[in-house]
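Peer 1: What follows is the file coords01.csv, containing CSV, C-alpha atoms:
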```csv
chain,number,residue,atom,x,y,z
A,1,MET,CA,153.6,72.6,43.2
A,2,LYS,CA,156.5,73.6,45.5
A,3,ALA,CA,157.2,77.3,45.9
A,4,ASN,CA,160.5,78.7,44.6
A,5,CYS,CA,162.7,81.0,46.7
A,6,TRP,CA,160.3,83.9,46.0
A,7,ASN,CA,157.4,81.9,47.6
A,8,ASP,CA,155.9,81.7,44.1
A,9,ALA,CA,153.9,78.5,43.8
A,10,GLU,CA,152.3,79.3,40.4
A,11,ASP,CA,151.9,76.4,38.0
A,12,TYR,CA,153.5,77.9,35.0
A,13,ASP,CA,153.0,76.3,31.5
A,14,PHE,CA,156.7,76.5,30.6
A,15,ASN,CA,156.1,74.7,27.3
A,16,ALA,CA,153.7,77.4,26.2
A,17,LEU,CA,155.9,80.2,27.5
A,18,VAL,CA,159.0,78.9,25.7
A,19,ASP,CA,156.9,78.4,22.6
A,20,GLY,CA,155.9,82.1,22.8
A,21,LEU,CA,159.5,83.3,23.3
A,22,ASN,CA,160.6,81.2,20.3
A,23,ARG,CA,157.7,82.4,18.2
A,24,TYR,CA,158.6,86.1,18.7
A,25,LEU,CA,162.4,85.9,19.3
A,26,ARG,CA,163.5,82.8,17.5
A,27,LEU,CA,165.9,81.8,20.2
A,28,LYS,CA,168.8,79.5,19.3
A,29,ALA,CA,169.6,78.2,22.7
A,30,THR,CA,167.3,76.3,25.1
A,31,PRO,CA,166.0,78.4,28.0
A,32,ILE,CA,166.9,76.8,31.3
A,33,GLY,CA,165.8,76.9,34.8
A,34,LEU,CA,167.9,77.3,38.0
A,35,LYS,CA,166.7,76.2,41.4
A,36,ARG,CA,168.4,76.1,44.8
A,37,PHE,CA,167.8,73.4,47.3
A,38,ARG,CA,168.2,73.5,51.1
A,39,THR,CA,169.5,70.0,51.3
A,40,VAL,CA,171.4,67.7,48.9
A,41,GLU,CA,168.8,65.0,49.6
A,42,GLU,CA,166.0,67.2,48.4
A,43,MET,CA,167.9,68.1,45.2
A,44,ALA,CA,168.5,64.4,44.6
A,45,THR,CA,164.7,63.9,44.2
A,46,VAL,CA,164.7,65.9,40.9
A,47,PRO,CA,163.9,63.4,38.1
A,48,LYS,CA,166.9,62.3,36.0
A,49,ILE,CA,169.3,64.6,37.8
A,50,ARG,CA,173.0,64.1,37.0
A,51,ARG,CA,175.9,64.8,39.4
A,52,PRO,CA,179.5,65.6,38.4
A,53,PRO,CA,181.9,62.7,39.0
A,54,ALA,CA,183.4,62.6,42.5
A,55,GLY,CA,186.6,64.6,42.7
A,56,GLU,CA,186.0,66.5,39.5
A,57,LYS,CA,185.9,70.3,39.7
A,58,PHE,CA,184.0,72.5,37.3
A,59,ALA,CA,183.2,76.1,36.7
A,60,PHE,CA,179.5,76.9,37.3
A,61,ASP,CA,179.5,78.3,33.8
A,62,GLN,CA,180.2,74.8,32.5
A,63,MET,CA,177.3,73.3,34.3
A,64,VAL,CA,175.0,76.0,32.8
A,65,GLY,CA,176.4,75.3,29.4
A,66,GLN,CA,175.8,71.5,29.7
A,67,ALA,CA,172.2,72.2,30.7
A,68,ARG,CA,171.4,74.5,27.8
A,69,TRP,CA,173.4,72.9,25.0
A,70,LEU,CA,173.0,69.2,25.9
A,71,GLY,CA,169.6,69.3,27.6
A,72,TRP,CA,171.0,67.7,30.8
A,73,THR,CA,169.5,68.2,34.3
A,74,LEU,CA,172.5,68.8,36.7
A,75,GLY,CA,172.8,69.1,40.4
A,76,VAL,CA,175.8,71.1,41.8
A,77,THR,CA,177.2,71.5,45.3
A,78,MET,CA,180.2,73.5,46.4
A,79,ASP,CA,182.3,70.3,46.3
A,80,ASN,CA,181.8,70.2,42.5
A,81,LEU,CA,183.0,73.8,41.9
A,82,MET,CA,186.6,74.8,41.1
A,83,GLY,CA,186.7,77.7,43.5
A,84,ALA,CA,185.0,80.2,45.8
A,85,GLN,CA,184.4,82.7,42.9
A,86,CYS,CA,181.8,80.4,41.4
A,87,GLY,CA,180.2,79.3,44.7
A,88,ALA,CA,179.8,82.8,46.2
A,89,VAL,CA,177.7,84.1,43.3
A,90,VAL,CA,175.0,81.4,43.8
A,91,GLY,CA,175.3,81.4,47.6
A,92,LEU,CA,177.2,78.2,48.1
A,93,HIS,CA,180.3,79.9,49.5
A,94,PRO,CA,180.5,82.9,51.8
A,95,ALA,CA,181.7,86.2,50.5
A,96,ASP,CA,184.2,86.2,53.4
A,97,GLU,CA,187.3,88.3,54.1
A,98,ASP,CA,189.6,86.2,52.0
A,99,TRP,CA,187.2,86.1,49.0
A,100,LEU,CA,186.7,89.9,49.2
A,101,LYS,CA,190.5,90.4,48.7
A,102,GLY,CA,190.3,88.9,45.2
A,103,LYS,CA,194.0,88.2,45.1
A,104,GLN,CA,193.6,85.5,42.4
A,105,LEU,CA,192.4,88.2,40.0
A,106,THR,CA,195.3,90.6,40.5
A,107,GLY,CA,197.6,90.9,37.5
A,108,VAL,CA,195.1,88.9,35.4
A,109,TRP,CA,191.9,91.0,35.3
A,110,TYR,CA,192.8,93.9,37.6
A,111,GLY,CA,196.1,95.8,37.9
A,112,THR,CA,196.3,96.0,41.7
A,113,VAL,CA,195.1,94.2,44.8
A,114,GLU,CA,193.0,97.3,45.5
A,115,ASP,CA,191.3,97.0,42.1
A,116,SER,CA,190.6,93.3,42.6
A,117,ALA,CA,189.1,93.9,46.0
A,118,ALA,CA,186.9,96.7,44.7
A,119,HIS,CA,185.7,94.4,42.0
A,120,GLN,CA,184.8,91.7,44.6
A,121,ARG,CA,182.9,94.2,46.6
A,122,ALA,CA,181.0,95.3,43.5
A,123,MET,CA,179.7,91.8,42.7
A,124,SER,CA,176.1,90.9,43.4
A,125,CYS,CA,175.9,87.5,45.2
A,126,ALA,CA,173.1,85.4,46.5
A,127,SER,CA,172.9,85.2,50.3
A,128,PHE,CA,175.0,82.4,51.8
A,129,GLY,CA,173.9,79.6,54.1
A,130,GLU,CA,170.3,78.9,53.1
A,131,TYR,CA,171.0,76.4,50.3
A,132,ALA,CA,173.2,73.4,49.9
A,133,GLY,CA,172.9,72.8,46.1
A,134,VAL,CA,171.8,74.2,42.8
A,135,ALA,CA,170.0,72.3,40.0
A,136,LEU,CA,169.8,73.3,36.3
A,137,SER,CA,167.5,71.9,33.7
A,138,PRO,CA,165.8,73.0,30.4
A,139,LEU,CA,162.6,74.8,31.3
A,140,THR,CA,160.5,72.5,29.1
A,141,SER,CA,161.8,69.3,30.7
A,142,GLY,CA,159.4,69.7,33.6
A,143,ARG,CA,162.0,68.3,36.0
A,144,LEU,CA,162.4,71.5,38.2
A,145,ASP,CA,159.4,72.2,40.2
A,146,ASN,CA,159.1,76.0,39.7
A,147,PRO,CA,162.7,77.3,39.3
A,148,ASP,CA,164.1,80.3,41.1
A,149,LEU,CA,165.3,81.8,37.8
A,150,CYS,CA,165.0,81.3,34.1
A,151,LEU,CA,168.2,81.8,32.1
A,152,ILE,CA,167.6,83.0,28.5
A,153,TYR,CA,170.4,83.6,26.0
A,154,GLY,CA,170.0,85.8,22.9
A,155,THR,CA,171.5,88.4,20.6
A,156,PRO,CA,171.3,92.1,21.5
A,157,GLY,CA,168.5,92.4,19.1
A,158,GLN,CA,166.5,89.6,20.7
A,159,MET,CA,167.2,91.0,24.2
A,160,ILE,CA,166.0,94.5,23.5
A,161,THR,CA,162.8,92.9,22.0
A,162,PHE,CA,162.5,90.8,25.1
A,163,VAL,CA,162.8,94.0,27.3
A,164,ASN,CA,160.2,95.6,25.0
A,165,GLY,CA,157.8,92.8,25.8
A,166,LEU,CA,158.5,93.1,29.6
A,167,GLN,CA,157.9,96.9,29.5
A,168,TYR,CA,154.8,96.8,27.3
A,169,ARG,CA,152.5,97.0,30.4
A,170,ASN,CA,153.3,98.5,33.8
A,171,TYR,CA,156.3,100.3,32.3
A,172,ARG,CA,159.4,101.0,34.5
A,173,LYS,CA,163.0,101.8,33.6
A,174,LEU,CA,165.3,98.8,34.0
A,175,SER,CA,168.9,99.2,35.0
A,176,PHE,CA,171.6,96.6,34.5
A,177,SER,CA,175.2,96.5,35.7
A,178,CYS,CA,178.6,95.3,34.4
A,179,VAL,CA,181.3,94.3,36.9
A,180,GLY,CA,183.5,93.0,34.1
A,181,GLU,CA,184.9,89.5,34.6
A,182,SER,CA,182.7,87.3,36.8
A,183,ALA,CA,179.7,88.8,34.9
A,184,CYS,CA,177.6,85.9,36.3
A,185,ALA,CA,177.2,88.3,39.2
A,186,ASP,CA,175.4,90.7,36.9
A,187,SER,CA,173.0,87.9,35.7
A,188,TRP,CA,172.1,85.1,38.0
A,189,GLY,CA,173.9,86.6,41.1
A,190,ASN,CA,172.0,89.9,40.9
A,191,ALA,CA,168.7,88.2,40.0
A,192,LEU,CA,169.0,85.8,43.0
A,193,LYS,CA,169.9,88.7,45.3
A,194,THR,CA,167.2,91.1,44.1
A,195,GLY,CA,164.4,89.1,42.4
A,196,GLU,CA,164.7,91.6,39.5
A,197,PRO,CA,165.3,90.9,35.7
A,198,SER,CA,169.1,91.0,35.3
A,199,LEU,CA,170.7,91.4,31.8
A,200,SER,CA,174.4,90.8,31.4
A,201,ILE,CA,177.3,90.8,28.9
A,202,PRO,CA,178.7,87.3,29.6
A,203,CYS,CA,182.4,87.3,30.6
A,204,TYR,CA,185.4,85.4,29.3
A,205,ALA,CA,184.8,82.5,31.7
A,206,GLU,CA,181.2,82.1,30.5
A,207,ARG,CA,182.3,82.1,26.9
A,208,LYS,CA,185.5,80.0,27.4
A,209,PHE,CA,184.0,77.3,29.7
A,210,GLY,CA,180.3,77.7,29.3
A,211,GLY,CA,180.0,77.8,25.5
A,212,VAL,CA,178.4,81.2,25.4
A,213,LEU,CA,178.6,82.6,21.9
A,214,ASP,CA,180.3,85.9,21.1
A,215,GLU,CA,177.0,87.4,20.0
A,216,GLU,CA,175.0,86.3,23.0
A,217,MET,CA,173.7,88.2,26.1
A,218,LEU,CA,172.1,86.6,29.1
A,219,MET,CA,168.8,87.5,30.8
A,220,ALA,CA,168.3,86.0,34.3
A,221,ILE,CA,164.7,86.5,35.4
A,222,PRO,CA,162.3,85.0,38.0
A,223,PRO,CA,159.6,82.9,36.2
A,224,SER,CA,156.8,85.3,37.4
A,225,PHE,CA,157.9,87.8,34.7
A,226,LEU,CA,157.7,85.4,31.8
A,227,PRO,CA,153.9,85.5,31.2
A,228,GLN,CA,154.1,89.3,31.1
A,229,VAL,CA,157.0,89.2,28.6
A,230,VAL,CA,155.2,86.8,26.2
A,231,SER,CA,152.0,88.8,26.4
A,232,GLY,CA,153.9,92.0,25.7
A,233,LEU,CA,155.7,90.4,22.8
A,234,GLU,CA,152.4,89.3,21.3
```
In structure tokens, what does this structure look like?

Peer 2:
Amino acid sequence: MKANCWNDAEDYDFNALVDGLNRYLRLKATPIGLKRFRTVEEMATVPKIRRPPAGEKFAFDQMVGQARWLGWTLGVTMDNLMGAQCGAVVGLHPADEDWLKGKQLTGVWYGTVEDSAAHQRAMSCASFGEYAGVALSPLTSGRLDNPDLCLIYGTPGQMITFVNGLQYRNYRKLSFSCVGESACADSWGNALKTGEPSLSIPCYAERKFGGVLDEEMLMAIPPSFLPQVVSGLE
């Protein structure tokens, strides 16, 4: 069993964990795993992994949507992504000076260049330079060897119950953020940066391109928390 980015090499029974989540939460969408790889060659060893067609560009939200709705196992590099905004959140592109200006958001999501730049600075992004690719796959497929994150979608009612399970033992207050558009920074970006459970209100891009439903929220969480959640729910 290979360790994930948290040096966690636990052999989790994801079939049992997902069964537990479904038993108590009745999730509609398939929970998926996200794992980063230091080389493209290492990512290519994932069983049945699919790569986007050469020259085609996608939002990372679209890749996540295909994994959870179609059950595909996908491998993504920066060359597959439509822009720096997607790549920076998962650590495939630097949050450099040009990215921090956020000019492409001005007049669309934010009224001034200063507002756009403030938004970019507020985003939580994974560190850049350590990883060359990101793979996505349903947790129960067994294709990702201990993912960095589990991505779980549900209604607000399901999410507060999920949090109730997480807090049942070893209680602590949980705080979540909202940067507005580019809300993937509040979910998988923040979770990859901090290793903490990160709940978000998915943004326009996630709903438009990733197929996130209007009533859905997203919990991004390292797998080490899932046994505690399921035990707490029980």

Peer 1: Using only C-alpha atoms, find the one residue out of A:Ala118, A:Gly87, A:Asp145, A:Pro197 that sits nearest to A:Leu105.

Peer 2: A:Ala118

Peer 1: List every residue of stretch 204-228 of chain A that has an atom at most 10 Å from any atom of stretch 159-163 of chain A, and for each one report the closest atom pair and its distance in Å to one decimal, counting only C-alpha atoms, with rows sorted by chain and then by increasing residue number, as a Markdown table.

Peer 2:
```
| residue | atom | partner | partner_atom | distance |
| --- | --- | --- | --- | --- |
| A:Glu216 | CA | A:Met159 | CA | 9.2 |
| A:Met217 | CA | A:Met159 | CA | 7.3 |
| A:Leu218 | CA | A:Met159 | CA | 8.2 |
| A:Met219 | CA | A:Met159 | CA | 7.6 |
| A:Leu226 | CA | A:Phe162 | CA | 9.9 |
```

Peer 1: Write out, as a tab-separated table (two decimals), in the coordinates of the input, the residues just selected, with C-alpha atoms.

Peer 2:
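For reference, result.tsv as written:
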```tsv
chain	number	residue	atom	x	y	z
A	216	GLU	CA	175.00	86.30	23.00
A	217	MET	CA	173.70	88.20	26.10
A	218	LEU	CA	172.10	86.60	29.10
A	219	MET	CA	168.80	87.50	30.80
A	226	LEU	CA	157.70	85.40	31.80
```

Peer 1: I'd like the neighbourhood of A:Ala185 as a ChimeraX atom specification, where a residue qualifies if any of its atoms comes within 7 Å (using all atoms listed in the file), though same-chain residues fewer than 2 positions away should be ignored.

Peer 2: /A:89,123-125,182-183,187-190

Peer 1: For stretch 189-210 of chain A against stretch 2-8 of chain A, with a cut-off of 12 Å and counting only C-alpha atoms, what is the closest atom pair and its distance in Å to one decimal for every residue that makes the cut, ordered by chain and number, as CSV?

Peer 2:
```
residue,atom,partner,partner_atom,distance
A:Ala191,CA,A:Trp6,CA,11.2
A:Leu192,CA,A:Cys5,CA,8.7
A:Lys193,CA,A:Cys5,CA,10.6
A:Thr194,CA,A:Trp6,CA,10.2
A:Gly195,CA,A:Trp6,CA,7.5
A:Glu196,CA,A:Trp6,CA,11.0
```

Peer 1: Find, counting only C-alpha atoms, the residue in A:Ser175, A:Thr45, A:Thr73, A:Thr140 that gets nearest to A:Asn15.

Peer 2: A:Thr140

Peer 1: Find, counting all atoms listed in the file, the residue in A:Met63, A:Ala88, A:Cys150, A:Leu74 that gets nearest to A:Glu206.

Peer 2: A:Met63

Peer 1: Go ahead and compute the interatomic distance for atom CA of A:Tyr168 and atom CA of A:Ile221, in Å to one decimal.

Peer 2: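 Pair atom CA of A:Tyr168 / atom CA of A:Ile221 returns 16.4 Å.
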
Peer 1: Mind pulling up the distance from atom CA of A:Gly210 to atom CA of A:Asp186?

Peer 2: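 Atom CA of A:Gly210 lies 15.8 Å from atom CA of A:Asp186.
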
Peer 1: Please indicate the distance in Å from atom CA of A:Arg51 to atom CA of A:Ser127, rounded to one decimal place.

Peer 2: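 Value for the atom CA of A:Arg51-atom CA of A:Ser127 distance: 23.3 Å.
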
Peer 1: Could you list as a list in words every residue that has an atom within 6 Å of (181.4, 76.4, 47.8), using the file's coordinates and counting only C-alpha atoms?

Peer 2: Met78, Ala84, Gly87, Leu92 and His93 of chain A

Peer 1: Give as a PDB file with C-alpha atoms, in the frame of the given file each residue that has an atom at most 10 Å from (154.0, 94.7, 23.8) in the file, counting all atoms listed in the file.

Peer 2:
```pdb
ATOM      1  CA  THR A 161     162.800  92.900  22.000  1.00  0.00           C
ATOM      2  CA  PHE A 162     162.500  90.800  25.100  1.00  0.00           C
ATOM      3  CA  VAL A 163     162.800  94.000  27.300  1.00  0.00           C
ATOM      4  CA  ASN A 164     160.200  95.600  25.000  1.00  0.00           C
ATOM      5  CA  GLY A 165     157.800  92.800  25.800  1.00  0.00           C
ATOM      6  CA  LEU A 166     158.500  93.100  29.600  1.00  0.00           C
ATOM      7  CA  GLN A 167     157.900  96.900  29.500  1.00  0.00           C
ATOM      8  CA  TYR A 168     154.800  96.800  27.300  1.00  0.00           C
ATOM      9  CA  ARG A 169     152.500  97.000  30.400  1.00  0.00           C
ATOM     10  CA  GLN A 228     154.100  89.300  31.100  1.00  0.00           C
ATOM     11  CA  VAL A 229     157.000  89.200  28.600  1.00  0.00           C
ATOM     12  CA  VAL A 230     155.200  86.800  26.200  1.00  0.00           C
ATOM     13  CA  SER A 231     152.000  88.800  26.400  1.00  0.00           C
ATOM     14  CA  GLY A 232     153.900  92.000  25.700  1.00  0.00           C
ATOM     15  CA  LEU A 233     155.700  90.400  22.800  1.00  0.00           C
ATOM     16  CA  GLU A 234     152.400  89.300  21.300  1.00  0.00           C
TER      17      GLU A 234
END
```

Peer 1: Counting only C-alpha atoms, which of A:Trp99, A:Phe60, A:Gly129, A:Pro52 gets nearest to A:Ala117?

Peer 2: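 Using only C-alpha atoms, the shortest distance to A:Ala117 belongs to A:Trp99.
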
Peer 1: Excluding stretch 23-25 of chain A and any residue of its chain fewer than 3 positions from it, enumerate the residues within 7 Å of it, using all atoms listed in the file, and give them as a list of chain:residue names.

Peer 2: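 In the requested format, the answer is A:Asp19, A:Gly20, A:Gln158, A:Leu233.
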
Peer 1: May I ask which of the residues A:Phe209, A:Tyr171, A:Tyr131, A:Asp98 is the closest one to A:Met82, counting all atoms listed in the file?

Peer 2: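 Using all atoms listed in the file, the shortest distance to A:Met82 belongs to A:Phe209.
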
Peer 1: Near A:Lys35, counting all atoms listed in the file, which residues have an atom at most 7 Å away, once you skip same-chain residues fewer than 5 positions from it, shown as a PyMOL selection string?

Peer 2: chain A and resi 134-136+147-149

Peer 1: Write out the residues from the selection above, keeping C-alpha atoms, as a PDB file, in the frame of the given file.

Peer 2:
```pdb
ATOM      1  CA  VAL A 134     171.800  74.200  42.800  1.00  0.00           C
ATOM      2  CA  ALA A 135     170.000  72.300  40.000  1.00  0.00           C
ATOM      3  CA  LEU A 136     169.800  73.300  36.300  1.00  0.00           C
ATOM      4  CA  PRO A 147     162.700  77.300  39.300  1.00  0.00           C
ATOM      5  CA  ASP A 148     164.100  80.300  41.100  1.00  0.00           C
ATOM      6  CA  LEU A 149     165.300  81.800  37.800  1.00  0.00           C
TER       7      LEU A 149
END
```
